[in-house]
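K.L.:
Sharing work28.csv (CSV, C-alpha atoms) below.
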chain,number,residue,atom,x,y,z
A,206,MET,CA,-25.3,50.2,28.3
A,207,ASN,CA,-23.0,52.6,26.4
A,208,PRO,CA,-23.7,52.2,22.6
A,209,TRP,CA,-20.0,53.0,21.9
A,210,PHE,CA,-18.9,50.0,24.1
A,211,SER,CA,-21.5,47.7,22.4
A,212,ARG,CA,-20.2,48.7,18.9
A,213,LYS,CA,-16.6,48.2,19.9
A,214,SER,CA,-17.5,44.7,21.2
A,215,ILE,CA,-19.2,43.8,18.0
A,216,VAL,CA,-16.4,45.0,15.8
A,217,LEU,CA,-13.9,43.2,18.0
A,218,ALA,CA,-15.9,40.0,17.9
A,219,ALA,CA,-16.3,40.2,14.1
A,220,THR,CA,-12.5,40.8,13.7
A,221,VAL,CA,-11.7,37.8,15.9
A,222,LEU,CA,-14.2,35.6,14.0
A,223,ALA,CA,-12.9,36.8,10.6
A,224,THR,CA,-9.3,36.1,11.6
A,225,ALA,CA,-10.1,32.7,13.0
A,226,GLY,CA,-12.0,31.8,9.8
A,227,ALA,CA,-9.1,32.8,7.7
A,228,CYS,CA,-6.8,30.7,9.8
A,229,VAL,CA,-9.0,27.7,9.5
A,230,ALA,CA,-9.4,28.2,5.8
A,231,SER,CA,-5.7,28.4,5.2
A,232,ALA,CA,-5.1,25.4,7.5
A,233,HIS,CA,-7.2,23.3,5.1
A,234,ASP,CA,-5.8,24.9,2.0
A,235,PRO,CA,-3.1,22.5,0.6
A,236,SER,CA,-1.5,25.4,-1.3
A,237,GLN,CA,-0.6,26.9,2.1
A,238,HIS,CA,1.2,23.7,3.2
A,239,ASP,CA,4.3,22.1,2.0
A,240,HIS,CA,4.5,18.8,3.6
A,241,ALA,CA,7.4,17.9,1.3
A,242,ALA,CA,9.5,20.6,2.9
A,243,VAL,CA,10.1,18.5,6.0
A,244,GLN,CA,13.8,18.3,6.8
A,245,THR,CA,15.2,14.9,5.7
A,246,ASP,CA,18.8,15.7,6.1
A,247,GLY,CA,19.5,12.6,8.2
A,248,ALA,CA,19.8,9.4,6.2
A,249,GLY,CA,18.2,7.3,9.0
A,250,PRO,CA,14.8,5.7,9.3
A,251,GLU,CA,13.3,8.8,10.8
A,252,ALA,CA,14.1,10.8,7.6
A,253,ALA,CA,12.7,8.0,5.4
A,254,TYR,CA,9.6,7.8,7.5
A,255,LEU,CA,9.0,11.5,7.4
A,256,ALA,CA,9.5,11.5,3.6
A,257,GLU,CA,7.0,8.7,3.1
A,258,ASN,CA,4.5,10.2,5.5
A,259,ASP,CA,4.8,13.6,3.8
A,260,ALA,CA,4.3,12.1,0.4
A,261,ALA,CA,1.2,10.3,1.6
A,262,MET,CA,-0.1,13.6,3.1
A,263,ASN,CA,0.6,15.5,-0.1
A,264,LYS,CA,-1.1,12.9,-2.3
A,265,MET,CA,-4.1,12.7,0.1
A,266,MET,CA,-4.6,16.5,0.2
A,267,ALA,CA,-4.4,16.7,-3.6
A,268,ASP,CA,-6.7,13.8,-4.2
A,269,MET,CA,-9.3,15.2,-1.8
A,270,GLU,CA,-9.8,18.3,-4.0
A,271,VAL,CA,-12.8,17.0,-5.9
A,272,LYS,CA,-14.9,19.0,-8.3
A,273,PRO,CA,-18.4,19.0,-6.9
A,274,SER,CA,-20.6,16.6,-8.9
A,275,GLY,CA,-24.0,17.8,-7.6
A,276,ASP,CA,-24.4,14.5,-5.7
A,277,VAL,CA,-23.4,15.0,-2.1
A,278,ASP,CA,-23.1,11.3,-1.5
A,279,ARG,CA,-20.7,10.8,-4.4
A,280,ASP,CA,-18.7,13.9,-3.4
A,281,PHE,CA,-18.4,12.6,0.1
A,282,VAL,CA,-17.1,9.2,-1.1
A,283,ALA,CA,-14.8,10.9,-3.6
A,284,MET,CA,-13.2,13.0,-0.8
A,285,MET,CA,-13.2,10.3,1.9
A,286,THR,CA,-11.6,7.6,-0.2
A,287,PRO,CA,-8.2,9.5,-0.6
A,288,HIS,CA,-8.5,10.5,3.1
A,289,HIS,CA,-8.8,6.8,4.1
A,290,GLN,CA,-6.1,5.8,1.6
A,291,GLY,CA,-3.8,8.5,3.1
A,292,ALA,CA,-4.4,6.8,6.6
A,293,ILE,CA,-3.4,3.5,5.0
A,294,GLU,CA,-0.2,4.9,3.5
A,295,MET,CA,0.8,6.5,6.8
A,296,ALA,CA,0.1,3.3,8.7
A,297,LEU,CA,2.3,1.4,6.2
A,298,ALA,CA,5.1,3.8,6.9
A,299,VAL,CA,4.8,3.1,10.7
A,300,LEU,CA,4.9,-0.6,10.0
A,301,LYS,CA,8.0,-0.1,7.9
A,302,TYR,CA,9.9,2.2,10.3
A,303,GLY,CA,8.2,2.0,13.7
A,304,LYS,CA,9.6,0.0,16.6
A,305,ASN,CA,6.6,0.0,19.0
A,306,GLU,CA,4.8,-3.3,18.6
A,307,GLN,CA,1.5,-1.9,20.1
A,308,LEU,CA,1.5,1.0,17.6
A,309,LYS,CA,2.3,-1.4,14.8
A,310,ARG,CA,-0.7,-3.6,15.7
A,311,ILE,CA,-2.9,-0.4,15.7
A,312,ALA,CA,-1.5,0.5,12.3
A,313,GLN,CA,-2.4,-2.9,11.0
A,314,GLU,CA,-6.0,-2.4,12.3
A,315,ILE,CA,-6.1,1.0,10.7
A,316,ILE,CA,-5.2,-0.5,7.4
A,317,VAL,CA,-7.9,-3.2,7.5
A,318,ASP,CA,-10.6,-0.8,8.9
A,319,GLN,CA,-9.9,1.9,6.3
A,320,GLN,CA,-10.0,-0.6,3.4
A,321,GLN,CA,-13.3,-1.9,4.7
A,322,GLU,CA,-14.7,1.6,5.0
A,323,ILE,CA,-13.6,2.5,1.5
A,324,ALA,CA,-15.3,-0.7,0.2
A,325,ALA,CA,-18.5,0.1,2.2
A,326,MET,CA,-18.7,3.6,0.9
A,327,LYS,CA,-18.2,2.5,-2.7
A,328,LEU,CA,-20.9,-0.1,-2.3
A,329,ALA,CA,-23.3,2.4,-0.7
A,330,ILE,CA,-23.2,4.6,-3.8
A,331,GLY,CA,-23.3,1.6,-6.2
A,332,ASP,CA,-19.7,1.8,-7.4
A,333,PRO,CA,-17.8,-1.4,-8.2
A,334,LEU,CA,-15.2,-2.6,-5.8
A,335,PRO,CA,-11.6,-2.7,-6.9
A,336,PRO,CA,-10.1,-6.2,-7.2
A,337,SER,CA,-9.6,-7.8,-3.9
A,338,ASP,CA,-6.1,-8.0,-2.5
A,339,ALA,CA,-4.9,-9.0,0.9
A,340,ALA,CA,-4.6,-6.0,3.3
A,341,PRO,CA,-0.9,-5.0,3.3
A,342,THR,CA,-0.4,-5.3,7.1
A,343,GLN,CA,3.2,-6.6,6.9
A,344,VAL,CA,6.0,-4.5,5.6
A,345,ALA,CA,9.5,-5.8,5.2
A,346,PRO,CA,12.2,-3.6,6.9
A,347,GLU,CA,14.5,-1.6,4.6
A,348,GLY,CA,17.2,-3.9,3.1
A,349,THR,CA,15.1,-7.0,3.3
A,350,PRO,CA,15.1,-9.1,0.0
A,351,ALA,CA,12.0,-8.8,-2.1
A,352,ARG,CA,9.3,-11.5,-1.8
A,353,PRO,CA,9.6,-14.3,-4.3
A,354,MET,CA,7.7,-14.1,-7.6
A,355,PRO,CA,4.8,-16.6,-8.1
A,356,GLY,CA,6.2,-20.0,-8.8
A,357,GLN,CA,9.3,-19.4,-6.8
A,358,THR,CA,9.6,-21.0,-3.4
A,359,THR,CA,10.6,-19.5,-0.2
A,360,PRO,CA,13.3,-21.3,1.9
A,361,GLY,CA,11.5,-23.4,4.6
A,362,MET,CA,8.2,-23.3,2.7
A,363,ASP,CA,6.6,-26.5,1.4
A,364,SER,CA,6.3,-26.0,-2.4
A,365,ASN,CA,3.5,-28.7,-2.5
A,366,MET,CA,1.4,-26.8,0.1
A,367,LYS,CA,-2.0,-25.8,-1.2
A,368,MET,CA,-3.0,-22.3,-0.6
Would you put the structure from the file into structure tokens?

P.N.:
Amino acid sequence: MNPWFSRKSIVLAATVLATAGACVASAHDPSQHDHAAVQTDGAGPEAAYLAENDAAMNKMMADMEVKPSGDVDRDFVAMMTPHHQGAIEMALAVLKYGKNEQLKRIAQEIIVDQQQEIAAMKLAIGDPLPPSDAAPTQVAPEGTPARPMPGQTTPGMDSNMKM
């Protein structure tokens, strides 16, 4: 085999790998992304969905940047918790703006599953769980009146009903 050909192949392979590595690194570098720059010129539900989704992505990426603690398990949970919370926020946006009932059911499952996984990870490292709330799997469409405050009744609901 020609040694010149072999050296050229190695240099070419190293260049390709270095370029691919740089691309992968910048793909995961939040400073190289601007999810907030999504065009939201239209005032419709698509623009609102994109804005909420991008806000969730930006928050998730920022919150995943965790200073290493020296404990791999804690670092894993510290990074995965915002990742899962980001999935919850994106699923909520689909519930709010989406039309496809099958996708909305999947989004509801994502919310419940991700909340359970966050709780399981926190328990696994001995962290306390946050106060328990119902999984937010129902989102009122834009323009819907707010839910009544505790003590107020909803039309058609029995105020003597025990919950």

K.L.:
Residues near Ala260 (chain A), anyone? I mean within 10 Å using only C-alpha atoms, not counting same-chain ones fewer than 4 positions away, as a list in words.

P.N.:
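Those residues are His240, Ala241, Tyr254, Leu255, Ala256, Lys264, Met265, Met266, Gly291, Glu294 and Met295 of chain A.
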
K.L.:
Determine, counting all atoms listed in the file, which protein, DNA and RNA residues have an atom within 12 Å of an atom of Gln319 (chain A); residues of the same chain fewer than 6 positions away are not included. Present the result as JSON, numbers by chain.

P.N.:
{"A": [285, 286, 287, 288, 289, 290, 291, 292, 293, 294, 295, 296, 311, 312, 313, 325, 326, 340, 341, 342]}

K.L.:
Between CA of Pro336 (chain A) and CA of Ile323 (chain A), what distance in Å does the model show, to one decimal?

P.N.:
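About the pair CA of Pro336 (chain A) and CA of Ile323 (chain A): they are 12.8 Å apart.
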
K.L.:
What separation in Å, quoted to one decimal, exists between CA of Glu251 (chain A) and CA of Gln320 (chain A)?

P.N.:
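If I compute the distance from CA of Glu251 (chain A) to CA of Gln320 (chain A), I get 26.2 Å.
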
K.L.:
Which residues are near Tyr302 (chain A)? Cut-off 12 Å, all atoms listed in the file, ignore same chain within fewer than 3 positions. Put them as a compact mmCIF listing (two decimals) with C-alpha atoms, in the frame of the given file.

P.N.:
# COMPACT_ATOMS: atom_id res chain seq x y z
CA GLY A 249 18.20 7.30 9.00
CA PRO A 250 14.80 5.70 9.30
CA GLU A 251 13.30 8.80 10.80
CA ALA A 252 14.10 10.80 7.60
CA ALA A 253 12.70 8.00 5.40
CA TYR A 254 9.60 7.80 7.50
CA LEU A 255 9.00 11.50 7.40
CA ALA A 256 9.50 11.50 3.60
CA GLU A 257 7.00 8.70 3.10
CA ASN A 258 4.50 10.20 5.50
CA MET A 295 0.80 6.50 6.80
CA ALA A 296 0.10 3.30 8.70
CA LEU A 297 2.30 1.40 6.20
CA ALA A 298 5.10 3.80 6.90
CA VAL A 299 4.80 3.10 10.70
CA ASN A 305 6.60 0.00 19.00
CA GLU A 306 4.80 -3.30 18.60
CA LEU A 308 1.50 1.00 17.60
CA LYS A 309 2.30 -1.40 14.80
CA ALA A 312 -1.50 0.50 12.30
CA GLN A 343 3.20 -6.60 6.90
CA VAL A 344 6.00 -4.50 5.60
CA ALA A 345 9.50 -5.80 5.20
CA PRO A 346 12.20 -3.60 6.90
CA GLU A 347 14.50 -1.60 4.60
CA GLY A 348 17.20 -3.90 3.10

K.L.:
So the first atom is CA of Gly331 (chain A) and the second is CA of Asp278 (chain A); what is the distance between them in Å, to one decimal place?

P.N.:
10.8 Å
